[in-house]
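Encoded as structure tokens, the structure appears first; notes follow it.
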2 protein chains.
Amino acid sequence: MATSEDVAQLAGVSRATVSRVLNGSARISEEARARVHAAMTTLEYEPDVVAQSLVRRRSRMIALSLLDQEDGFSLAGLGQTANYFYIDMLRCIEQAAASLGYDLLLPSRPRGKHPENYIRSLQMRRVAGTIMLALVPTDPRIQSLLQAGIPTVFIDMMGQGDHAISIRSDHMDAARQLAEYLLSLGHRRIAFIGGPTVDLAAMERLLGFQQALAKTGISLDPDLVRQSGWNTEEAYQAAHVLLGQRRDFTALVAGSDLMAIGILRALHEHNLQVPRDISLTGFDDVVLSQYTAPPLTTVRQDTKTMGREAIERLAALIEGRGATSLVVPTQLVIRGSTGPV
Amino acid sequence: MATSEDVAQLAGVSRATVSRVLNGSARISEEARARVHAAMTTLEYEPDVVAQSLVRRRSRMIALSLLDQEDGFSLAGLGQTANYFYIDMLRCIEQAAASLGYDLLLPSRPRGKHPENYIRSLQMRRVAGTIMLALVPTDPRIQSLLQAGIPTVFIDMMGQGDHAISIRSDHMDAARQLAEYLLSLGHRRIAFIGGPTVDLAAMERLLGFQQALAKTGISLDPDLVRQSGWNTEEAYQAAHVLLGQRRDFTALVAGSDLMAIGILRALHEHNLQVPRDISLTGFDDVVLSQYTAPPLTTVRQDTKTMGREAIERLAALIEGRGATSLVVPTQLVIRGSTGPV
DNA sequence: CTGAAAGCGCTTACAG
DNA sequence: CTGAAAGCGCTTACAG
């Protein structure tokens with residue numbers, strides 16, 4: 001593999017000059033630039049990113065931290081139904097990162113969970129920035145990260161600082177769209193099985209829903225509002241409990257699509273047909289929600305925009321251009337799981 | 001952040017000595033070792049992995065390449081139902097990598113798809129090895145990788161060389177277990193909607209199934225054997241076509257759990273009840289297959305073992321200890337989607 | 001516009 | 001057992 005020295009020799013210039021054309025420095029004669037370019041192509045030269053990282057004190061890697069409330073691994077939670085949504089998010093992030101020439105890194109963290117160790121390991125790896133996805137808001141690493149000044153984008157959670165912004169869906173508005181749609185179908189007694197309300201997104205969805213109903217003078221029966229974990233299993237059980245006690249509602253709003261899948265099964269087992277007996281809605285619009293029976297009415301999070309904006313704004317932060325937080329709109333998707341009363 | 005120079009000064013030794021105790025060299029006096037260790041802890045020293053990579057010409061990063069027949073991105077395919085299985089695989093890989101102190105890298109590949117570029121970018125990043133997951137066997141990068149001598153583990157596909165091994169499930173035996181179970185329930189006319197037979201795993205599953213039936217003197221009706229893409233949608237459609245033509249079977253074997261989910265919906269739409277009218281089986285045992293109605297009988301791939309062995313054997317390859325390919329057993333999981341004739 | 005030199009933080013023969 | 005020195009492949013003031 002050719003080095004900048006090889007290129008310099010072939011082009012008859014110094015390594016400094018090679019470096020300058022490589023980095024697009026202005027003060028280079030056209031002639032030198034041409035010779036260097038020629039040499040680079042004949043030698044198939046590609047700069048050594050490790051050496052660059054060492055001297056620049058910064059790599060072109062973005063660290064990914066996600067979902068690790070559970071056991072400290074980034075991908076660990078992905079297999080759980082609670083997090084299927086984030087898979088979509090991840091692919092959009094990867095795509096955006098690649099188009100800006102950033103690698104994605106899943107750092108191993110052998111030395112315990114002290115947040116300082118986490119930060120140090122990021123610094124030692126010279127990561128340019130980090131994307132934090134779906135962490136619990138109390139994760140101690142968040143504070144350390146904000147203090148360390150590593151450029152950071154939080155997705156789906158709050159968090160700001162000089163070098164940090166956040167990107168989230170407009171959960172309240174999403175819930176409003178769903179509520180208005182159900183109201184338009186004539187539903188008045190509506191049950192709600194949401195995610196854990198310690199989770200901001202879950203809380204916002206509940207609030208948005210309540211407020212939209214209130215606007216029409218309808219209030220949610222507190223006993224018809226339940227919560228469960230984000231995963232399919234817990235939602236399934238919560239639905240069972242609810243159905244054991246109450247049946248006097250015509251629509252049921254689930255906190256997420258994957259929760260809706262569990263709830264669908266519970267309804268099924270209670271011999272309730274969807275949407276004939278009960279209308280059911282999800283949240284997120286994961287791919288799978290097209291394949292339930294019936295397919296789910298839900299509200300789509302715009303993962304593509306979120307991923308692209310996350311990387312672009314992170315790049316701006318890295319390059320010192322500054323960036324602001326963003327709230328991304330959602331879109332109602334009507335399918336077969338909802339119908340008129 | 002402290003450097004080895006700082007440690008050396010505080011401990012009253014040279015950087016060479018610091019480096020030696022860091023790397024566990026034998027020829028170090030107990031006293032020097034103790035002083036260096038003391039200095040390292042008071043300074044909270046951690047070696048700079050970038051500098052190490054540069055001089056050792058090798059990092060502690062393992063590159064991940066997966067699923068990118070589609071558009072060149074590693075995570076792109078994960079969101080599709082066809083690949084939900086690999087999410088499980090990934091988390092097991094990450095866990096194993098972390099426990100051996102390897103980072104995982106998702107390299108961006110801006111410069112087109114030439115396999116040489118791919119290899120060069122891995123070399124420039126000094127990756128220690130690569131894990132290849134679920135690529136199509138004709139992917140040109142595979143050959144280049146084998147030639148370049150970068151330690152590689154192929155998961156779920158063949159491929160061997162001096163520095164490469166493969167790890168796969170025993171698909172034929174998995175299909176045999178399924179066949180024998182269905183036979184024991186009294187099924188004789190069985191339909192099969194498998195994955196694309198250009199895919200080795202799909203082919204092996206079909207063969208294993210056929211052979212197990214043949215042992216009992218039963219042959220699969222060729223017209224009852226169909227194939228579709230691995231995803232939910234295509235399987236759904238294939239099932240529709242099949243059910244439009246034939247109904248004279250009592251069991252249907254799907255090529256994967258996610259395919260089974262699509263097929264389940266088609267059966268539903270044809271007013272066929274599972275398992276009363278037709279028994280249905282999946283493959284893989286993804287988390288979701290517990291939550292279909294009814295839950296799926298399937299055969300579990302041991303992702304945990306596969307992930308752990310992949311990383312451990314890759315580490316062996318990296319360290320020049322050598323390693324051999326591995327076939328991992330599967331396990332029948334009986335749930336509600338199958339019943340007696 | 002361009003080159004010589006120093007330096008990024010480590011490791012590793014080479015001597016002793 | 002240990003240190004001085006060279007080197008990994010780049011970038012960047014500093015001069016000119």
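Each chain in the structure tokens gets a letter, A, B, ..., in the order shown, and its residues are numbered from 1; ligands are numbered from 1 in order too.
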Give me the residues of chain C that have any atom at most 12 Å from an atom of chain B; for each, the nearest atom pair and the distance in Å, rounded to one decimal. Use only C-alpha atoms (C1' of nucleotides), sort by chain and number, and format it as a tab-separated table.
residue	atom	partner	partner_atom	distance
C:DC8	C1'	B:Ala51	CA	8.1
C:DG9	C1'	B:Ala51	CA	5.2
C:DC10	C1'	B:Ala51	CA	5.0
C:DT11	C1'	B:Val55	CA	6.3
C:DT12	C1'	B:Ala16	CA	8.7
C:DA13	C1'	B:Ala16	CA	11.8
Resulting file, chosen residues, C-alpha atoms (C1' of nucleotides), as a tab-separated table (two decimals), in the first residue's frame:
chain	number	residue	atom	x	y	z
C	8	DC	C1'	0.91	12.93	17.39
C	9	DG	C1'	1.55	8.44	21.28
C	10	DC	C1'	2.90	4.36	21.01
C	11	DT	C1'	6.20	-0.21	20.10
C	12	DT	C1'	10.28	-2.74	19.14
C	13	DA	C1'	14.68	-4.26	17.59
Apply DSSP to the structure's backbone, then extract all residues of stretch 100-239 of chain B labelled helix (DSSP H, G or I) and return them as a PyMOL selection string. chain B and resi 115-124+140-148+171-184+200-215+222-224+232-239
Which of B:Gln9, B:Thr330, B:Ser65, B:Gln95 sits closest to chain A [using only C-alpha atoms]: B:Gln95
Name the residues of stretch 116-295 of chain A that fall into strand (DSSP E) according to DSSP on the backbone, using the chain letters and numbers of this document, as a PDB file with C-alpha atoms, in the first residue's frame.
ATOM      1  CA  GLY A 129     -19.043  12.484  17.860  1.00  0.00           C
ATOM      2  CA  THR A 130     -21.718  10.225  19.242  1.00  0.00           C
ATOM      3  CA  ILE A 131     -25.315   9.343  18.571  1.00  0.00           C
ATOM      4  CA  MET A 132     -27.326   8.424  21.651  1.00  0.00           C
ATOM      5  CA  LEU A 133     -30.458   6.492  20.954  1.00  0.00           C
ATOM      6  CA  THR A 152     -23.586  14.505  20.536  1.00  0.00           C
ATOM      7  CA  VAL A 153     -27.011  14.044  19.038  1.00  0.00           C
ATOM      8  CA  PHE A 154     -29.704  12.545  21.211  1.00  0.00           C
ATOM      9  CA  ILE A 155     -32.440  10.782  19.334  1.00  0.00           C
ATOM     10  CA  ALA A 164     -25.329  18.517  22.025  1.00  0.00           C
ATOM     11  CA  ILE A 165     -28.746  18.662  20.439  1.00  0.00           C
ATOM     12  CA  SER A 166     -31.732  16.373  20.306  1.00  0.00           C
ATOM     13  CA  ILE A 167     -33.988  15.088  17.556  1.00  0.00           C
ATOM     14  CA  ARG A 168     -37.423  13.710  18.307  1.00  0.00           C
ATOM     15  CA  SER A 169     -40.764  12.984  16.763  1.00  0.00           C
ATOM     16  CA  ILE A 190     -61.561   4.780  24.343  1.00  0.00           C
ATOM     17  CA  ALA A 191     -59.044   2.716  26.273  1.00  0.00           C
ATOM     18  CA  PHE A 192     -55.343   3.522  26.286  1.00  0.00           C
ATOM     19  CA  ILE A 193     -52.497   1.123  26.984  1.00  0.00           C
ATOM     20  CA  GLY A 194     -49.391   3.244  26.833  1.00  0.00           C
ATOM     21  CA  VAL A 225     -55.735   4.239  30.935  1.00  0.00           C
ATOM     22  CA  ARG A 226     -53.139   1.581  31.628  1.00  0.00           C
ATOM     23  CA  GLN A 227     -49.461   1.324  31.092  1.00  0.00           C
ATOM     24  CA  ALA A 251     -61.465   1.610  20.674  1.00  0.00           C
ATOM     25  CA  LEU A 252     -58.106   0.820  22.171  1.00  0.00           C
ATOM     26  CA  VAL A 253     -54.988   2.897  21.600  1.00  0.00           C
ATOM     27  CA  ALA A 254     -51.682   1.079  22.007  1.00  0.00           C
ATOM     28  CA  SER A 279     -60.841  -0.611  16.909  1.00  0.00           C
ATOM     29  CA  LEU A 280     -57.127  -0.840  17.643  1.00  0.00           C
ATOM     30  CA  THR A 281     -54.314   1.570  16.816  1.00  0.00           C
TER      31      THR A 281
END
Using only C-alpha atoms, the shortest atom-to-atom distance to chain A among B:His240, B:His268, B:Arg308, B:Arg205 belongs to B:His268
So the first atom is atom C1' of D:DA5 and the second is atom C1' of C:DC14; what is the distance between them in Å, to one decimal place? 9.1 Å
Return chain A as a tab-separated table (two decimals) with C-alpha atoms, in the first residue's frame, after superposing it on chain B by a least-squares fit that covers all C-alpha atoms paired in order.
chain	number	residue	atom	x	y	z
A	1	MET	CA	-5.22	12.67	29.37
A	2	ALA	CA	-2.02	11.07	30.50
A	3	THR	CA	0.41	9.59	28.00
A	4	SER	CA	2.92	6.82	28.45
A	5	GLU	CA	5.54	9.54	28.83
A	6	ASP	CA	3.73	10.91	31.89
A	7	VAL	CA	3.52	7.45	33.39
A	8	ALA	CA	7.20	6.86	32.68
A	9	GLN	CA	8.25	10.06	34.41
A	10	LEU	CA	6.13	9.45	37.46
A	11	ALA	CA	7.38	5.89	37.75
A	12	GLY	CA	10.95	6.90	37.05
A	13	VAL	CA	11.37	4.59	34.09
A	14	SER	CA	11.45	4.87	30.30
A	15	ARG	CA	8.45	4.75	27.96
A	16	ALA	CA	9.76	1.42	26.70
A	17	THR	CA	9.34	-0.04	30.15
A	18	VAL	CA	5.84	1.36	30.48
A	19	SER	CA	4.98	-0.19	27.16
A	20	ARG	CA	6.37	-3.51	28.29
A	21	VAL	CA	4.34	-3.73	31.45
A	22	LEU	CA	1.30	-2.60	29.52
A	23	ASN	CA	1.71	-5.47	27.12
A	24	GLY	CA	2.64	-7.98	29.75
A	25	SER	CA	6.19	-8.59	28.61
A	26	ALA	CA	7.98	-11.20	30.70
A	27	ARG	CA	11.31	-9.48	31.12
A	28	ILE	CA	10.35	-6.87	33.66
A	29	SER	CA	11.47	-6.65	37.30
A	30	GLU	CA	8.72	-6.89	39.85
A	31	GLU	CA	9.73	-3.57	41.26
A	32	ALA	CA	9.51	-1.70	37.96
A	33	ARG	CA	6.19	-3.33	37.21
A	34	ALA	CA	4.77	-2.23	40.55
A	35	ARG	CA	5.94	1.36	40.15
A	36	VAL	CA	4.49	1.57	36.67
A	37	HIS	CA	1.18	0.13	37.76
A	38	ALA	CA	1.00	2.61	40.59
A	39	ALA	CA	1.72	5.49	38.24
A	40	MET	CA	-0.89	4.25	35.79
A	41	THR	CA	-3.60	4.19	38.40
A	42	THR	CA	-2.82	7.58	39.89
A	43	LEU	CA	-2.75	9.12	36.43
A	44	GLU	CA	-5.76	7.07	35.29
A	45	TYR	CA	-3.67	6.18	32.31
A	46	GLU	CA	-5.24	4.43	29.37
A	47	PRO	CA	-3.20	3.71	26.27
A	48	ASP	CA	-4.07	5.56	23.09
A	49	VAL	CA	-5.58	2.91	20.85
A	50	VAL	CA	-5.02	4.98	17.74
A	51	ALA	CA	-1.30	5.22	18.33
A	52	GLN	CA	-1.23	1.53	19.08
A	53	SER	CA	-3.04	0.74	15.87
A	54	LEU	CA	-0.58	2.82	13.88
A	55	VAL	CA	2.53	1.15	15.17
A	56	ARG	CA	1.12	-2.35	15.44
A	57	ARG	CA	-0.45	-2.02	12.04
A	58	ARG	CA	-3.58	-3.50	13.48
A	59	SER	CA	-6.47	-2.21	15.56
A	60	ARG	CA	-8.83	-4.00	17.88
A	61	MET	CA	-11.76	-3.40	15.60
A	62	ILE	CA	-13.78	-6.05	13.83
A	63	ALA	CA	-15.61	-4.90	10.73
A	64	LEU	CA	-19.16	-6.03	10.25
A	65	SER	CA	-20.48	-6.65	6.75
A	66	LEU	CA	-23.96	-7.84	6.34
A	67	LEU	CA	-27.00	-8.09	4.24
A	68	ASP	CA	-25.78	-5.67	1.69
A	69	GLN	CA	-26.77	-7.35	-1.47
A	70	GLU	CA	-29.41	-4.68	-1.48
A	71	ASP	CA	-27.74	-1.33	-1.46
A	72	GLY	CA	-24.40	-1.52	0.17
A	73	PHE	CA	-25.32	-0.63	3.72
A	74	SER	CA	-24.77	-2.98	6.55
A	75	LEU	CA	-27.89	-2.30	8.52
A	76	ALA	CA	-30.09	-1.49	5.57
A	77	GLY	CA	-31.64	-4.91	5.34
A	78	LEU	CA	-32.29	-5.27	9.03
A	79	GLY	CA	-35.54	-3.39	8.90
A	80	GLN	CA	-36.96	-5.81	6.42
A	81	THR	CA	-38.85	-8.72	7.82
A	82	ALA	CA	-36.64	-11.08	5.86
A	83	ASN	CA	-33.81	-10.28	8.20
A	84	TYR	CA	-35.32	-9.98	11.64
A	85	PHE	CA	-33.51	-13.15	12.51
A	86	TYR	CA	-30.14	-11.49	12.13
A	87	ILE	CA	-30.90	-8.95	14.78
A	88	ASP	CA	-30.65	-11.73	17.32
A	89	MET	CA	-27.42	-12.81	15.74
A	90	LEU	CA	-25.99	-9.32	15.93
A	91	ARG	CA	-26.60	-8.84	19.60
A	92	CYS	CA	-24.88	-12.10	20.37
A	93	ILE	CA	-21.95	-11.01	18.25
A	94	GLU	CA	-21.69	-7.67	19.97
A	95	GLN	CA	-21.77	-9.24	23.37
A	96	ALA	CA	-19.04	-11.71	22.50
A	97	ALA	CA	-16.91	-9.01	20.89
A	98	ALA	CA	-17.14	-6.80	23.96
A	99	SER	CA	-16.10	-9.60	26.25
A	100	LEU	CA	-12.93	-10.06	24.23
A	101	GLY	CA	-12.31	-6.32	24.03
A	102	TYR	CA	-13.01	-5.83	20.35
A	103	ASP	CA	-14.91	-2.87	18.97
A	104	LEU	CA	-17.33	-3.39	16.13
A	105	LEU	CA	-17.06	-1.17	13.09
A	106	LEU	CA	-19.59	-0.41	10.40
A	107	PRO	CA	-17.33	1.05	7.73
A	108	SER	CA	-18.73	3.58	5.33
A	109	ARG	CA	-17.81	2.87	1.75
A	110	PRO	CA	-18.11	6.04	-0.22
A	111	ARG	CA	-16.09	5.09	-3.26
A	112	GLY	CA	-18.30	2.80	-5.26
A	113	LYS	CA	-18.56	-0.91	-4.99
A	114	HIS	CA	-15.33	-2.20	-6.42
A	115	PRO	CA	-14.33	-5.00	-4.13
A	116	GLU	CA	-10.75	-3.73	-4.11
A	117	ASN	CA	-11.92	-0.47	-2.62
A	118	TYR	CA	-13.74	-2.37	0.04
A	119	ILE	CA	-10.67	-4.36	0.96
A	120	ARG	CA	-8.45	-1.30	0.92
A	121	SER	CA	-10.77	0.57	3.19
A	122	LEU	CA	-10.66	-2.30	5.65
A	123	GLN	CA	-6.89	-2.36	5.46
A	124	MET	CA	-6.56	1.39	5.89
A	125	ARG	CA	-8.74	1.20	8.96
A	126	ARG	CA	-6.45	-1.51	10.26
A	127	VAL	CA	-9.36	-3.78	11.10
A	128	ALA	CA	-8.19	-6.93	12.82
A	129	GLY	CA	-10.78	-9.09	11.13
A	130	THR	CA	-14.25	-9.16	9.66
A	131	ILE	CA	-17.54	-10.88	10.23
A	132	MET	CA	-19.58	-11.49	7.09
A	133	LEU	CA	-23.22	-12.12	7.69
A	134	ALA	CA	-25.90	-13.15	5.28
A	135	LEU	CA	-24.28	-11.94	2.11
A	136	VAL	CA	-25.26	-13.45	-1.18
A	137	PRO	CA	-22.66	-16.07	-2.04
A	138	THR	CA	-21.75	-14.32	-5.26
A	139	ASP	CA	-20.83	-11.06	-3.58
A	140	PRO	CA	-17.54	-10.11	-5.23
A	141	ARG	CA	-16.08	-8.89	-1.98
A	142	ILE	CA	-15.97	-12.41	-0.65
A	143	GLN	CA	-13.30	-13.53	-3.09
A	144	SER	CA	-11.24	-10.40	-2.58
A	145	LEU	CA	-11.46	-10.86	1.14
A	146	LEU	CA	-10.24	-14.42	0.95
A	147	GLN	CA	-7.30	-13.35	-1.18
A	148	ALA	CA	-6.41	-10.36	0.94
A	149	GLY	CA	-5.84	-12.65	3.89
A	150	ILE	CA	-7.89	-10.59	6.33
A	151	PRO	CA	-9.13	-12.95	9.06
A	152	THR	CA	-12.78	-13.59	8.35
A	153	VAL	CA	-15.69	-15.52	9.76
A	154	PHE	CA	-18.65	-16.16	7.51
A	155	ILE	CA	-21.91	-16.67	9.30
A	156	ASP	CA	-24.66	-18.60	7.59
A	157	MET	CA	-22.71	-19.01	4.39
A	158	MET	CA	-19.88	-21.09	3.09
A	159	GLY	CA	-16.43	-19.76	2.50
A	160	GLN	CA	-13.03	-20.95	3.55
A	161	GLY	CA	-9.43	-20.13	3.10
A	162	ASP	CA	-6.24	-19.83	5.05
A	163	HIS	CA	-7.68	-17.06	7.16
A	164	ALA	CA	-11.40	-17.73	6.85
A	165	ILE	CA	-13.90	-20.12	8.35
A	166	SER	CA	-17.65	-20.38	8.39
A	167	ILE	CA	-20.26	-20.94	11.07
A	168	ARG	CA	-23.73	-22.17	10.22
A	169	SER	CA	-26.75	-23.86	11.67
A	170	ASP	CA	-27.44	-27.44	10.78
A	171	HIS	CA	-30.33	-26.60	8.49
A	172	MET	CA	-30.84	-30.10	7.17
A	173	ASP	CA	-31.16	-31.54	10.61
A	174	ALA	CA	-33.48	-28.74	11.63
A	175	ALA	CA	-35.78	-29.62	8.76
A	176	ARG	CA	-35.58	-33.27	9.71
A	177	GLN	CA	-36.76	-32.52	13.25
A	178	LEU	CA	-39.69	-30.58	11.90
A	179	ALA	CA	-40.60	-33.30	9.43
A	180	GLU	CA	-40.50	-36.04	12.00
A	181	TYR	CA	-42.64	-34.04	14.35
A	182	LEU	CA	-45.27	-33.39	11.69
A	183	LEU	CA	-45.21	-37.05	10.73
A	184	SER	CA	-45.71	-38.02	14.35
A	185	LEU	CA	-48.84	-35.87	14.37
A	186	GLY	CA	-50.15	-37.89	11.46
A	187	HIS	CA	-49.58	-35.39	8.66
A	188	ARG	CA	-48.93	-36.92	5.26
A	189	ARG	CA	-49.85	-34.29	2.70
A	190	ILE	CA	-47.57	-31.39	3.49
A	191	ALA	CA	-47.01	-28.16	1.61
A	192	PHE	CA	-43.70	-26.31	1.70
A	193	ILE	CA	-43.14	-22.62	1.06
A	194	GLY	CA	-39.41	-22.16	1.30
A	195	GLY	CA	-36.94	-19.35	0.81
A	196	PRO	CA	-35.23	-18.83	-2.54
A	197	THR	CA	-33.35	-22.01	-3.44
A	198	VAL	CA	-30.41	-20.04	-4.76
A	199	ASP	CA	-29.89	-19.60	-1.06
A	200	LEU	CA	-28.02	-22.52	0.39
A	201	ALA	CA	-29.89	-22.50	3.70
A	202	ALA	CA	-33.23	-22.63	1.90
A	203	MET	CA	-32.02	-25.50	-0.21
A	204	GLU	CA	-30.75	-27.44	2.76
A	205	ARG	CA	-33.99	-27.01	4.61
A	206	LEU	CA	-35.91	-28.33	1.64
A	207	LEU	CA	-33.55	-31.27	1.18
A	208	GLY	CA	-33.58	-32.18	4.84
A	209	PHE	CA	-37.34	-32.12	4.81
A	210	GLN	CA	-37.62	-34.25	1.71
A	211	GLN	CA	-35.17	-36.81	2.97
A	212	ALA	CA	-36.88	-37.17	6.34
A	213	LEU	CA	-40.18	-37.80	4.58
A	214	ALA	CA	-38.59	-40.20	2.16
A	215	LYS	CA	-37.31	-42.27	5.04
A	216	THR	CA	-40.93	-42.98	5.91
A	217	GLY	CA	-41.74	-43.67	2.28
A	218	ILE	CA	-43.52	-40.37	1.78
A	219	SER	CA	-42.64	-38.05	-1.04
A	220	LEU	CA	-43.35	-34.35	-1.20
A	221	ASP	CA	-45.76	-33.45	-4.00
A	222	PRO	CA	-43.62	-31.16	-6.21
A	223	ASP	CA	-46.62	-28.95	-6.88
A	224	LEU	CA	-46.96	-28.36	-3.14
A	225	VAL	CA	-43.41	-27.06	-2.95
A	226	ARG	CA	-43.20	-23.34	-3.60
A	227	GLN	CA	-40.63	-20.72	-2.97
A	228	SER	CA	-40.68	-17.01	-2.26
A	229	GLY	CA	-38.37	-14.32	-0.95
A	230	TRP	CA	-37.53	-14.53	2.75
A	231	ASN	CA	-39.81	-11.66	3.63
A	232	THR	CA	-43.30	-11.62	5.04
A	233	GLU	CA	-44.94	-10.00	2.04
A	234	GLU	CA	-43.71	-12.42	-0.62
A	235	ALA	CA	-44.53	-15.41	1.53
A	236	TYR	CA	-47.98	-13.99	2.02
A	237	GLN	CA	-48.46	-13.77	-1.72
A	238	ALA	CA	-47.02	-17.21	-2.39
A	239	ALA	CA	-49.46	-18.64	0.12
A	240	HIS	CA	-52.31	-16.86	-1.62
A	241	VAL	CA	-51.39	-18.36	-4.94
A	242	LEU	CA	-51.01	-21.80	-3.45
A	243	LEU	CA	-54.32	-21.64	-1.61
A	244	GLY	CA	-56.02	-20.48	-4.78
A	245	GLN	CA	-54.98	-23.73	-6.43
A	246	ARG	CA	-54.72	-26.41	-3.79
A	247	ARG	CA	-56.13	-27.14	-0.39
A	248	ASP	CA	-55.46	-30.83	-0.14
A	249	PHE	CA	-52.77	-30.64	2.50
A	250	THR	CA	-52.96	-30.68	6.27
A	251	ALA	CA	-49.69	-28.99	7.14
A	252	LEU	CA	-47.66	-26.16	5.72
A	253	VAL	CA	-43.96	-25.66	6.39
A	254	ALA	CA	-42.68	-22.11	6.05
A	255	GLY	CA	-39.07	-21.27	5.25
A	256	SER	CA	-38.78	-18.90	8.21
A	257	ASP	CA	-40.81	-17.46	11.06
A	258	LEU	CA	-41.31	-14.17	9.33
A	259	MET	CA	-42.52	-15.95	6.24
A	260	ALA	CA	-44.88	-17.93	8.46
A	261	ILE	CA	-46.34	-14.67	9.72
A	262	GLY	CA	-47.29	-13.68	6.19
A	263	ILE	CA	-48.61	-17.15	5.47
A	264	LEU	CA	-50.67	-17.06	8.63
A	265	ARG	CA	-52.40	-13.99	7.36
A	266	ALA	CA	-53.11	-15.62	4.01
A	267	LEU	CA	-54.57	-18.68	5.72
A	268	HIS	CA	-56.68	-16.38	7.82
A	269	GLU	CA	-58.00	-14.62	4.74
A	270	HIS	CA	-58.91	-17.96	3.20
A	271	ASN	CA	-60.88	-18.78	6.32
A	272	LEU	CA	-58.55	-21.57	7.29
A	273	GLN	CA	-57.92	-22.02	10.98
A	274	VAL	CA	-54.54	-22.89	12.42
A	275	PRO	CA	-53.96	-25.58	13.59
A	276	ARG	CA	-57.50	-26.97	13.26
A	277	ASP	CA	-57.58	-26.90	9.47
A	278	ILE	CA	-53.89	-26.63	8.76
A	279	SER	CA	-50.79	-26.96	10.90
A	280	LEU	CA	-48.14	-24.32	10.26
A	281	THR	CA	-44.46	-24.27	11.18
A	282	GLY	CA	-41.76	-21.64	11.04
A	283	PHE	CA	-37.99	-21.61	11.20
A	284	ASP	CA	-35.48	-19.66	13.35
A	285	ASP	CA	-37.52	-18.98	16.48
A	286	VAL	CA	-37.40	-15.21	16.45
A	287	VAL	CA	-38.86	-13.54	19.53
A	288	LEU	CA	-41.97	-12.57	17.66
A	289	SER	CA	-43.01	-16.12	16.92
A	290	GLN	CA	-44.29	-16.40	20.46
A	291	TYR	CA	-46.80	-13.67	19.81
A	292	THR	CA	-48.53	-14.72	16.67
A	293	ALA	CA	-52.01	-16.19	17.04
A	294	PRO	CA	-51.48	-19.05	17.50
A	295	PRO	CA	-47.82	-19.01	18.56
A	296	LEU	CA	-45.55	-20.71	16.07
A	297	THR	CA	-44.05	-24.14	16.24
A	298	THR	CA	-40.56	-23.64	14.88
A	299	VAL	CA	-36.96	-24.69	15.18
A	300	ARG	CA	-34.52	-22.53	17.06
A	301	GLN	CA	-31.17	-21.44	15.71
A	302	ASP	CA	-28.67	-21.13	18.52
A	303	THR	CA	-27.64	-17.54	17.91
A	304	LYS	CA	-25.85	-17.29	21.21
A	305	THR	CA	-23.47	-20.11	20.45
A	306	MET	CA	-23.03	-18.91	16.90
A	307	GLY	CA	-22.16	-15.38	17.98
A	308	ARG	CA	-19.78	-16.47	20.68
A	309	GLU	CA	-18.03	-19.00	18.51
A	310	ALA	CA	-17.81	-16.51	15.66
A	311	ILE	CA	-15.91	-14.00	17.76
A	312	GLU	CA	-13.77	-16.52	19.57
A	313	ARG	CA	-12.71	-18.25	16.41
A	314	LEU	CA	-12.11	-14.94	14.71
A	315	ALA	CA	-9.86	-13.93	17.60
A	316	ALA	CA	-7.97	-17.20	17.16
A	317	LEU	CA	-7.54	-16.45	13.47
A	318	ILE	CA	-6.36	-12.92	14.24
A	319	GLU	CA	-3.80	-14.14	16.73
A	320	GLY	CA	-2.59	-16.78	14.31
A	321	ARG	CA	-3.82	-19.66	16.44
A	322	GLY	CA	-5.93	-21.09	13.61
A	323	ALA	CA	-9.56	-22.17	13.75
A	324	THR	CA	-11.97	-24.51	12.06
A	325	SER	CA	-15.46	-24.11	10.63
A	326	LEU	CA	-18.43	-25.08	12.73
A	327	VAL	CA	-21.93	-26.44	12.28
A	328	VAL	CA	-24.27	-25.61	15.14
A	329	PRO	CA	-27.23	-27.82	16.17
A	330	THR	CA	-30.79	-26.51	16.28
A	331	GLN	CA	-33.73	-27.31	18.51
A	332	LEU	CA	-37.39	-28.01	17.83
A	333	VAL	CA	-39.77	-25.66	19.67
A	334	ILE	CA	-43.36	-26.85	19.83
A	335	ARG	CA	-46.10	-24.26	20.19
A	336	GLY	CA	-49.72	-23.86	19.25
A	337	SER	CA	-49.59	-23.66	15.46
A	338	THR	CA	-49.36	-27.42	14.98
A	339	GLY	CA	-51.73	-30.18	15.93
A	340	PRO	CA	-52.80	-33.68	15.01
A	341	VAL	CA	-54.51	-34.27	11.69
